[in-house]
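Novice: The structure follows.
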Amino acid sequence: MPEYFEEKEAEEEEHLPELDVDTVVMRLAPYPSGPLHIGNARMVILNDEYVKRHDGKLILFYDDTIGSDKKKPLNVAYDLIKEGLEWLGVEWHETYYKSERMELYYEYGEKLIEMGEAYVCECSAEELRGFREKGKECQHRSRTVKENLSLWDSMLKGSFDEGGAVVRIKTDMQYPDPAFRDRVLFRISNNPHPKVGNKYRVWPLLEFSWAIDDHLLGMTHILRGKDLMMEDKMEEYIWNLFGWDGPEFLHYGMLRLKEFRLSKSDFQQKLKLGELNGWDDPRTWTLQSLKRRGIKPEAVREFILGFGMSLSDIEVPASKLYAKNRELIDDEANRYHFVPDPVEVKLEGEIKGEFTELPSHPDHPERGYRKLKTTNRVYIPRKDWQDFQKKEVRLKNFCNIYLDGKKGQIIGTENKDIRKIHWLCEGLGCSVELTDGSIDEGIVEKNIQEAKEKDIVQFERYGFVKLLETKPEVYAVFGHR
RNA sequence: GCUCCCGUAGUGUAGUCCGGCCAAUCAUUUUGGCCUCUCGAGCCAAAAACCCGGGUUCGAAUCCCGGCGGGAGCACCA
């Protein structure tokens, strides 16, 4: 099977621009508010891919600052993220946590204040926004270094309430890009942190902590979405102040899955409310959920790599991912009959034999055949039962019938060139969990108990599913058609 | 409103930096046909694109200017 993947990959043209360097040091910076989902996969895979191609070093750096009320770090997320990375085949060499490096950020923050490049600001968020829009300096900006240092000390000691003071960098309030004007470097939060509890109340913001760490850890390239381009400029600004040479930036455009728009934090919310069954609920599109649906990590990787490093903002249908996955699983997935929402039809006419045989896989007769019992009571999907009323249809590998209400007149057994439907005369109860969280109930052939749990199989004319349980009844998760 | 980014077939993508080999690549999609006792897979064929307008040039998808369209940022989120 690995050979099969290699062949496929060789065919695949990949268009990642080459880096003109010997080796690279790069980082993955997930925020632990939930497991990785398909929307995070681009960041992960691109970084991993570049590092592998250049035989470099990849650092897993949990970006676990305190976040916001809407976006809180979550203890279970650390492991869920790791689990997702391992599943994707990402190889990283070192692991760091922002929450363990707070003293470092304080140290460099203080340096910036000493240098007169940062100041403590007591404006409210609204005031700050107003001044930023107008391009005006607030009254706190002109404080002396000494004042600032003392106020910084008060911040650390806890003399300010949440929202009471922030540390801002001095750029230029006239700077053309309003987003860049005197950005906040540190702020106060009383929220407890899953790893360090209430030990710290003053937390750095993304661009500052990265400006420090990207330099300290010797990053050569920062690969991030183009939504973070402004953060590049901020990091560069800070490196300049310290006289550091910074890594190079690489960007990719915004990728959206057509059928998926929510964020990790949204799911955290829904999970609490019981609207979702878990972090691997198909509606979350987490890596865990994809695994559960029988999506192969290789399919995800190829899917992502197919977009290259394009800076265009794109919206892609999930069918594109499914197409990749189908290429990978069609060959291995054995076939079974599953009749959702079964309707019983009474056959009229002679039935020859008690069984019929069907290949486990049409392209692989060597895998053997499965037997299906044939009686005069047959179950077919309600959809087919409706569609083929007053029509002739073939029960695959069994017989041709003329369907009239709940009766089926047998009119032969030869393989005629008419539409074929799947059917069952007996079966096991089977539930299939769909992508929208609903369940298809039906019956499946008993032969499925030969399959192993976690196997990916195809329910003929229905789709590829992953078997979660086969005994006593069958529980499967729908992958795709 | 301000700043930045992007704009090639239905959807993505290659080509854009270093203009000609691009009457534009590949995948997917759709439609035919073949094959197959699945509306799966496979094989063959076809459909289908350089946002618009100027300019530079012998020559522009590629360079310049101007529009238009889409996205992101302007959070004490990441």
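Naming works like this for the structure tokens: A, B, ... for the chains as they're shown, residue 1 at the start of each chain, ligands 1 onward in shown order.
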Please produce, as CSV, a per-residue contact table for chain B versus chain A (criterion: any atom at most 12 Å away, only C-alpha atoms (C1' of nucleotides) considered), showing the nearest atom pair and its distance in Å to one decimal, sorted by chain then residue number.

Specialist:
```
residue,atom,partner,partner_atom,distance
B:G1,C1',A:Glu133,CA,9.7
B:C2,C1',A:Pro178,CA,6.5
B:U3,C1',A:Asp177,CA,4.1
B:C4,C1',A:Met230,CA,7.7
B:C5,C1',A:Lys226,CA,7.3
B:C6,C1',A:Ser312,CA,4.9
B:G7,C1',A:Ser312,CA,7.8
B:U8,C1',A:Ser312,CA,11.9
B:G10,C1',A:Pro317,CA,11.5
B:U11,C1',A:Val316,CA,6.7
B:G12,C1',A:Phe307,CA,6.9
B:U13,C1',A:Phe307,CA,6.6
B:A14,C1',A:His15,CA,7.7
B:G15,C1',A:His15,CA,11.1
B:U25,C1',A:Glu13,CA,10.4
B:C26,C1',A:Glu13,CA,7.6
B:A27,C1',A:Gly306,CA,8.4
B:U28,C1',A:Lys320,CA,6.5
B:U29,C1',A:Lys320,CA,9.6
B:U36,C1',A:Pro362,CA,8.2
B:C37,C1',A:Asn397,CA,5.6
B:U38,C1',A:Arg461,CA,4.8
B:C39,C1',A:Arg461,CA,6.5
B:G40,C1',A:Arg461,CA,7.3
B:A41,C1',A:Asp330,CA,6.9
B:G42,C1',A:Asp363,CA,9.3
B:G70,C1',A:Asp313,CA,8.0
B:G71,C1',A:Asp313,CA,6.0
B:A72,C1',A:Asp227,CA,5.1
B:G73,C1',A:Ala179,CA,6.4
B:C74,C1',A:Ala179,CA,4.0
B:A75,C1',A:Ala125,CA,8.6
B:C76,C1',A:Arg187,CA,5.2
B:C77,C1',A:Ser68,CA,5.6
B:A78,C1',A:Tyr31,CA,6.6
```

Novice: Within segment 227-471 of chain A, find each residue whose DSSP state, derived from the backbone, is helix (DSSP H, G or I), and express the selection as number ranges by chain.

Specialist: A: 227-242, 264-272, 282-284, 287-292, 297-305, 319-329, 365-367, 382-387, 446-450

Novice: Report the distance between atom CA of Glu103 of chain A and atom CA of Ser209 of chain A in Å, rounded to one decimal place.

Specialist: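 These two atoms are separated by 11.1 Å.
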
Novice: Enter the distance from atom CA of Asp384 of chain A to atom CA of Val345 of chain A, in Å, rounded to one decimal.

Specialist: 11.6 Å

Novice: Can you tell me which residues surround segment 47-53 of chain B at a distance of at most 8 Å, considering only C-alpha atoms (C1' of nucleotides), apart from same-chain residues fewer than 6 positions away, and format the answer as JSON, numbers by chain?

Specialist: {"B": [7, 8, 9, 24, 30, 31, 61, 66, 67, 68, 69]}

Novice: Check segment 35-111 of chain A with DSSP on the backbone and list each residue it calls strand (DSSP E), as a VMD selection string.

Specialist: chain A and resid 57 to 62 94 to 97

Novice: Grab the residues selected above and save them as a CSV table (one decimal), in the first residue's frame with N, CA and C atoms.

Specialist:
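Writing done, so here's part_10.csv:
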```csv
chain,number,residue,atom,x,y,z
A,57,LYS,N,14.3,21.9,10.7
A,57,LYS,CA,13.8,21.6,12.1
A,57,LYS,C,12.4,22.3,12.2
A,58,LEU,N,11.5,21.5,12.8
A,58,LEU,CA,10.1,22.1,13.0
A,58,LEU,C,9.9,22.1,14.5
A,59,ILE,N,9.4,23.3,14.9
A,59,ILE,CA,9.1,23.5,16.4
A,59,ILE,C,7.6,23.5,16.6
A,60,LEU,N,7.1,22.8,17.5
A,60,LEU,CA,5.7,22.9,17.8
A,60,LEU,C,5.7,23.9,19.0
A,61,PHE,N,5.1,25.0,18.8
A,61,PHE,CA,5.1,26.1,19.7
A,61,PHE,C,3.6,26.4,20.1
A,62,TYR,N,3.2,25.9,21.2
A,62,TYR,CA,1.8,26.2,21.6
A,62,TYR,C,1.7,27.7,21.9
A,94,GLU,N,10.9,19.8,18.5
A,94,GLU,CA,10.9,20.4,19.8
A,94,GLU,C,9.5,21.0,20.1
A,95,THR,N,9.2,21.0,21.4
A,95,THR,CA,7.9,21.6,21.8
A,95,THR,C,8.2,22.7,22.8
A,96,TYR,N,7.5,23.8,22.6
A,96,TYR,CA,7.5,24.9,23.5
A,96,TYR,C,6.1,25.4,23.9
A,97,TYR,N,6.1,26.1,25.0
A,97,TYR,CA,4.8,26.7,25.4
A,97,TYR,C,5.0,28.2,25.7
```
